[in-house]
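Since the structure comes first, as structure tokens, the remarks are kept for the end.
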Amino acid sequence: MEDPVSAVKPVGRARLVDTVVDHLRTLILCGDLPPGQTLLQIELSQRLGVSRTPLREAFRILEHEGLVRVSNGNKTLEVVDLSVKDMLELYEIREVVDGLAARLAAKHRDESRFDELASILREMNLADMANDVPRRTTLHADFHAAIAELSGNKHVIAQVPMIRLTAQMLSHKMRTMRIELPTVRAELIEQGEQDHREILEALRSGDERRAENAARRHIRKTMRSELLKPDRHVEYSMPEEAAG
């Protein structure tokens with residue numbers, strides 16, 4: 001019989017890792033750890049008050065999410081920094097992937113999972129009202145990643161890290177809009193929410209073509225928006241909302 005004490009230890013560690021991941025994700029998405037910032041284990045271990053073991057595990061999770069990456073010949077870890085050109089190229093891929101994912105998800109019609117998507121959208125709205133940027137950003141990524149997973153296609157599901165990365169990186173592009181383009185920012189968020197609801201309605205109806213078109217249209221709007229204009233200068237010192 002397994003020792004009860006030994007069975008408890010992994011659970012405690014997992015909870016600590018989750019806490020570290022949440023904290024680091026918040027620091028990244030709020031700009032306290034800006035794009036390009038090198039992540040030093042000793043410094044962050046002292047700052048967060050944790051050992052290096054859960055910190056390393058947290059780094060692996062964040063790397064899978066696409067928020068950090070190995071650099072300098074595998075010697076250092078840094079916060080991901082994507083240029084507008086990088087983002088546009090990735091969104092060209094996402095238009096195809098998200099469209100296919102939505103079409104397949106509508107075909108499979110998993111109502112219980114659609115309820116989960118609806119719950120995510122409700123939580124996103126609450127995060128908006130609370131101005132909880134990291135929470136909303138994570139939920140936004142969860143929504144699109146969940147649709148990819150609902151496709152049931154392993155090759156589409158393999159694109160989940162890319163979907164999460166691009167969805168989350170948009171939060172950085174919103175930072176200067178609070179002052180420079182407040183109306184545009186508000187319109188982008190509102191339009192994004194409408195698009196998400198339309199995608200979910202299409203999924204629930206089982207209309208494969210409508211679901212695919214709605215998902216692709218949502219991505220094209222993002223590509224054509226002020227968020228991904230080549231001359232958009234982004235200041236990383238001012239936290240702001242993520243796009244819808």
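Ligands are numbered from 1 in the order shown, chains are lettered A, B, ... in the order of the structure tokens, and residues start at 1 in each chain.
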
> Near Leu82 of chain A, within 10 Å and counting only C-alpha atoms, which residues show up once chain neighbours fewer than 5 positions away are dropped, as JSON, numbers by chain?
Replying inline: {"A": [35, 36, 87, 88, 165, 166, 169, 170, 172]}

Per residue of segment 69-172 of chain A within 12 Å of segment 191-208 of chain A, note the shortest atom pair and the distance in Å to one decimal, counting only C-alpha atoms, and order the rows by chain and increasing residue number, as a Markdown table.
| residue | atom | partner | partner_atom | distance |
| --- | --- | --- | --- | --- |
| A:Asp98 | CA | A:Ile199 | CA | 10.5 |
| A:Gly99 | CA | A:Glu208 | CA | 9.6 |
| A:Leu100 | CA | A:Glu208 | CA | 9.2 |
| A:Ala101 | CA | A:Glu208 | CA | 9.9 |
| A:Ala102 | CA | A:Leu203 | CA | 7.0 |
| A:Arg103 | CA | A:Glu208 | CA | 4.5 |
| A:Leu104 | CA | A:Glu208 | CA | 7.0 |
| A:Ala105 | CA | A:Leu203 | CA | 6.7 |
| A:Ala106 | CA | A:Leu203 | CA | 4.4 |
| A:Lys107 | CA | A:Gly206 | CA | 5.9 |
| A:His108 | CA | A:Gly206 | CA | 8.0 |
| A:Arg109 | CA | A:Gly206 | CA | 6.3 |
| A:Asp110 | CA | A:Arg204 | CA | 8.5 |
| A:Glu111 | CA | A:Arg204 | CA | 7.1 |
| A:Ser112 | CA | A:Arg204 | CA | 10.4 |
| A:Arg113 | CA | A:Arg204 | CA | 10.1 |
| A:Phe114 | CA | A:Arg204 | CA | 6.9 |
| A:Asp115 | CA | A:Arg204 | CA | 9.3 |
| A:Glu116 | CA | A:Leu200 | CA | 10.5 |
| A:Leu117 | CA | A:Leu200 | CA | 7.4 |
| A:Ala118 | CA | A:Leu200 | CA | 7.5 |
| A:Ser119 | CA | A:Leu200 | CA | 11.1 |
| A:Ile120 | CA | A:His196 | CA | 10.3 |
| A:Leu121 | CA | A:His196 | CA | 7.7 |
| A:Arg122 | CA | A:Glu193 | CA | 10.1 |
| A:Glu123 | CA | A:Glu193 | CA | 11.8 |
| A:Met124 | CA | A:Glu193 | CA | 8.9 |
| A:Asn125 | CA | A:Glu193 | CA | 8.4 |
| A:Asp128 | CA | A:Glu193 | CA | 10.6 |
| A:Arg136 | CA | A:Glu193 | CA | 11.7 |
| A:Leu139 | CA | A:His196 | CA | 11.9 |
| A:His140 | CA | A:His196 | CA | 9.5 |
| A:Ala141 | CA | A:His196 | CA | 11.8 |
| A:Phe143 | CA | A:His196 | CA | 8.5 |
| A:His144 | CA | A:His196 | CA | 9.1 |
| A:Ala146 | CA | A:Leu200 | CA | 11.5 |
| A:Ile147 | CA | A:Leu203 | CA | 9.3 |
| A:Leu150 | CA | A:Leu203 | CA | 10.4 |
| A:Ser151 | CA | A:Leu203 | CA | 11.0 |
| A:Ala167 | CA | A:Gly192 | CA | 11.7 |

N, CA and C atoms of the current selection, written as a CSV table (one decimal), in the first residue's frame:
chain,number,residue,atom,x,y,z
A,98,ASP,N,-7.8,28.3,-36.7
A,98,ASP,CA,-9.0,28.6,-36.0
A,98,ASP,C,-10.2,28.3,-36.7
A,99,GLY,N,-10.2,28.6,-38.0
A,99,GLY,CA,-11.4,28.3,-38.9
A,99,GLY,C,-11.6,26.8,-38.9
A,100,LEU,N,-10.6,26.0,-39.2
A,100,LEU,CA,-10.7,24.6,-39.2
A,100,LEU,C,-11.2,24.0,-37.9
A,101,ALA,N,-10.6,24.5,-36.8
A,101,ALA,CA,-10.9,24.1,-35.4
A,101,ALA,C,-12.4,24.3,-35.2
A,102,ALA,N,-12.9,25.5,-35.5
A,102,ALA,CA,-14.3,25.8,-35.3
A,102,ALA,C,-15.2,24.9,-36.1
A,103,ARG,N,-14.8,24.7,-37.3
A,103,ARG,CA,-15.7,23.8,-38.2
A,103,ARG,C,-15.8,22.4,-37.6
A,104,LEU,N,-14.6,21.8,-37.2
A,104,LEU,CA,-14.6,20.5,-36.6
A,104,LEU,C,-15.3,20.4,-35.3
A,105,ALA,N,-15.2,21.5,-34.5
A,105,ALA,CA,-15.8,21.5,-33.2
A,105,ALA,C,-17.3,21.6,-33.4
A,106,ALA,N,-17.8,22.3,-34.4
A,106,ALA,CA,-19.2,22.4,-34.6
A,106,ALA,C,-19.8,21.0,-35.1
A,107,LYS,N,-18.9,20.3,-35.8
A,107,LYS,CA,-19.3,19.0,-36.3
A,107,LYS,C,-19.5,18.0,-35.2
A,108,HIS,N,-18.6,18.1,-34.2
A,108,HIS,CA,-18.6,17.1,-33.1
A,108,HIS,C,-19.6,17.5,-32.0
A,109,ARG,N,-20.0,18.7,-31.9
A,109,ARG,CA,-21.0,19.2,-31.0
A,109,ARG,C,-21.0,18.6,-29.6
A,110,ASP,N,-20.0,19.0,-28.8
A,110,ASP,CA,-19.9,18.5,-27.4
A,110,ASP,C,-20.5,19.6,-26.6
A,111,GLU,N,-21.8,19.4,-26.2
A,111,GLU,CA,-22.6,20.4,-25.5
A,111,GLU,C,-22.0,20.8,-24.2
A,112,SER,N,-21.4,19.8,-23.5
A,112,SER,CA,-20.9,20.1,-22.1
A,112,SER,C,-19.6,21.0,-22.3
A,113,ARG,N,-18.9,20.8,-23.3
A,113,ARG,CA,-17.7,21.7,-23.5
A,113,ARG,C,-18.1,23.0,-24.0
A,114,PHE,N,-19.2,23.1,-24.8
A,114,PHE,CA,-19.7,24.4,-25.2
A,114,PHE,C,-20.2,25.2,-24.0
A,115,ASP,N,-20.7,24.5,-23.0
A,115,ASP,CA,-21.1,25.2,-21.7
A,115,ASP,C,-19.9,25.8,-21.0
A,116,GLU,N,-18.8,25.0,-21.1
A,116,GLU,CA,-17.5,25.5,-20.6
A,116,GLU,C,-17.0,26.8,-21.3
A,117,LEU,N,-17.2,26.8,-22.6
A,117,LEU,CA,-16.8,28.0,-23.4
A,117,LEU,C,-17.7,29.2,-23.0
A,118,ALA,N,-19.0,28.9,-22.7
A,118,ALA,CA,-19.9,30.0,-22.3
A,118,ALA,C,-19.4,30.5,-20.9
A,119,SER,N,-19.0,29.6,-20.1
A,119,SER,CA,-18.5,30.0,-18.8
A,119,SER,C,-17.2,30.9,-18.9
A,120,ILE,N,-16.4,30.5,-19.8
A,120,ILE,CA,-15.1,31.3,-20.0
A,120,ILE,C,-15.5,32.7,-20.4
A,121,LEU,N,-16.5,32.9,-21.3
A,121,LEU,CA,-16.9,34.2,-21.8
A,121,LEU,C,-17.5,35.0,-20.7
A,122,ARG,N,-18.2,34.4,-19.8
A,122,ARG,CA,-18.8,35.1,-18.6
A,122,ARG,C,-17.7,35.6,-17.7
A,123,GLU,N,-16.7,34.7,-17.5
A,123,GLU,CA,-15.5,35.1,-16.6
A,123,GLU,C,-14.7,36.2,-17.3
A,124,MET,N,-14.6,36.2,-18.6
A,124,MET,CA,-13.9,37.2,-19.3
A,124,MET,C,-14.6,38.6,-19.1
A,125,ASN,N,-15.9,38.6,-19.1
A,125,ASN,CA,-16.6,39.8,-18.9
A,125,ASN,C,-16.4,40.3,-17.5
A,128,ASP,N,-13.1,41.8,-17.2
A,128,ASP,CA,-13.1,43.2,-17.9
A,128,ASP,C,-13.6,44.2,-16.9
A,136,ARG,N,-8.1,38.2,-17.6
A,136,ARG,CA,-8.9,38.3,-18.8
A,136,ARG,C,-8.0,37.7,-20.0
A,139,LEU,N,-8.0,33.9,-19.9
A,139,LEU,CA,-9.3,33.4,-20.3
A,139,LEU,C,-9.4,33.5,-21.8
A,140,HIS,N,-9.0,34.6,-22.4
A,140,HIS,CA,-9.1,34.8,-23.8
A,140,HIS,C,-8.3,33.7,-24.5
A,141,ALA,N,-7.1,33.4,-24.0
A,141,ALA,CA,-6.3,32.4,-24.6
A,141,ALA,C,-7.0,31.0,-24.4
A,143,PHE,N,-10.2,30.4,-24.3
A,143,PHE,CA,-11.3,30.2,-25.1
A,143,PHE,C,-10.9,29.7,-26.5
A,144,HIS,N,-9.9,30.3,-27.1
A,144,HIS,CA,-9.5,29.9,-28.4
A,144,HIS,C,-8.8,28.5,-28.4
A,146,ALA,N,-9.4,26.1,-26.3
A,146,ALA,CA,-10.4,25.1,-26.1
A,146,ALA,C,-11.1,24.7,-27.4
A,147,ILE,N,-11.3,25.7,-28.2
A,147,ILE,CA,-12.0,25.3,-29.5
A,147,ILE,C,-11.1,24.4,-30.3
A,150,LEU,N,-11.3,21.1,-29.0
A,150,LEU,CA,-12.6,20.4,-29.3
A,150,LEU,C,-12.7,19.9,-30.8
A,151,SER,N,-11.7,20.3,-31.6
A,151,SER,CA,-11.7,19.9,-33.0
A,151,SER,C,-11.5,18.4,-33.1
A,167,ALA,N,-2.7,34.9,-28.7
A,167,ALA,CA,-3.8,35.5,-28.0
A,167,ALA,C,-3.3,36.3,-26.8

> Mind checking DSSP for segment 9-147 of chain A and telling me the helix (DSSP H, G or I) residues as number ranges by chain?
Replying inline: A: 9-29, 41-48, 52-65, 84-108, 111-129, 133-147

>> For a quick check of understanding, using only C-alpha atoms, which of A:Arg60, A:Arg164, A:His155, A:Arg210 has the smallest distance to Asp142 of chain A?
In response: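 Looking at the shortest contact to Asp142 of chain A, the residue is A:Arg164.
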
>> When DSSP is applied to the backbone of this structure, which of segment 26-212 of chain A are assigned strand (DSSP E or B)? Write them out as a list in words.
In response: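 In segment 26-212 of chain A, DSSP puts these residues in strand (DSSP E or B): Thr38, Leu39, Val68, Arg69, Val70, Ser71, Thr76, Leu77, Glu78 and Val79 of chain A.
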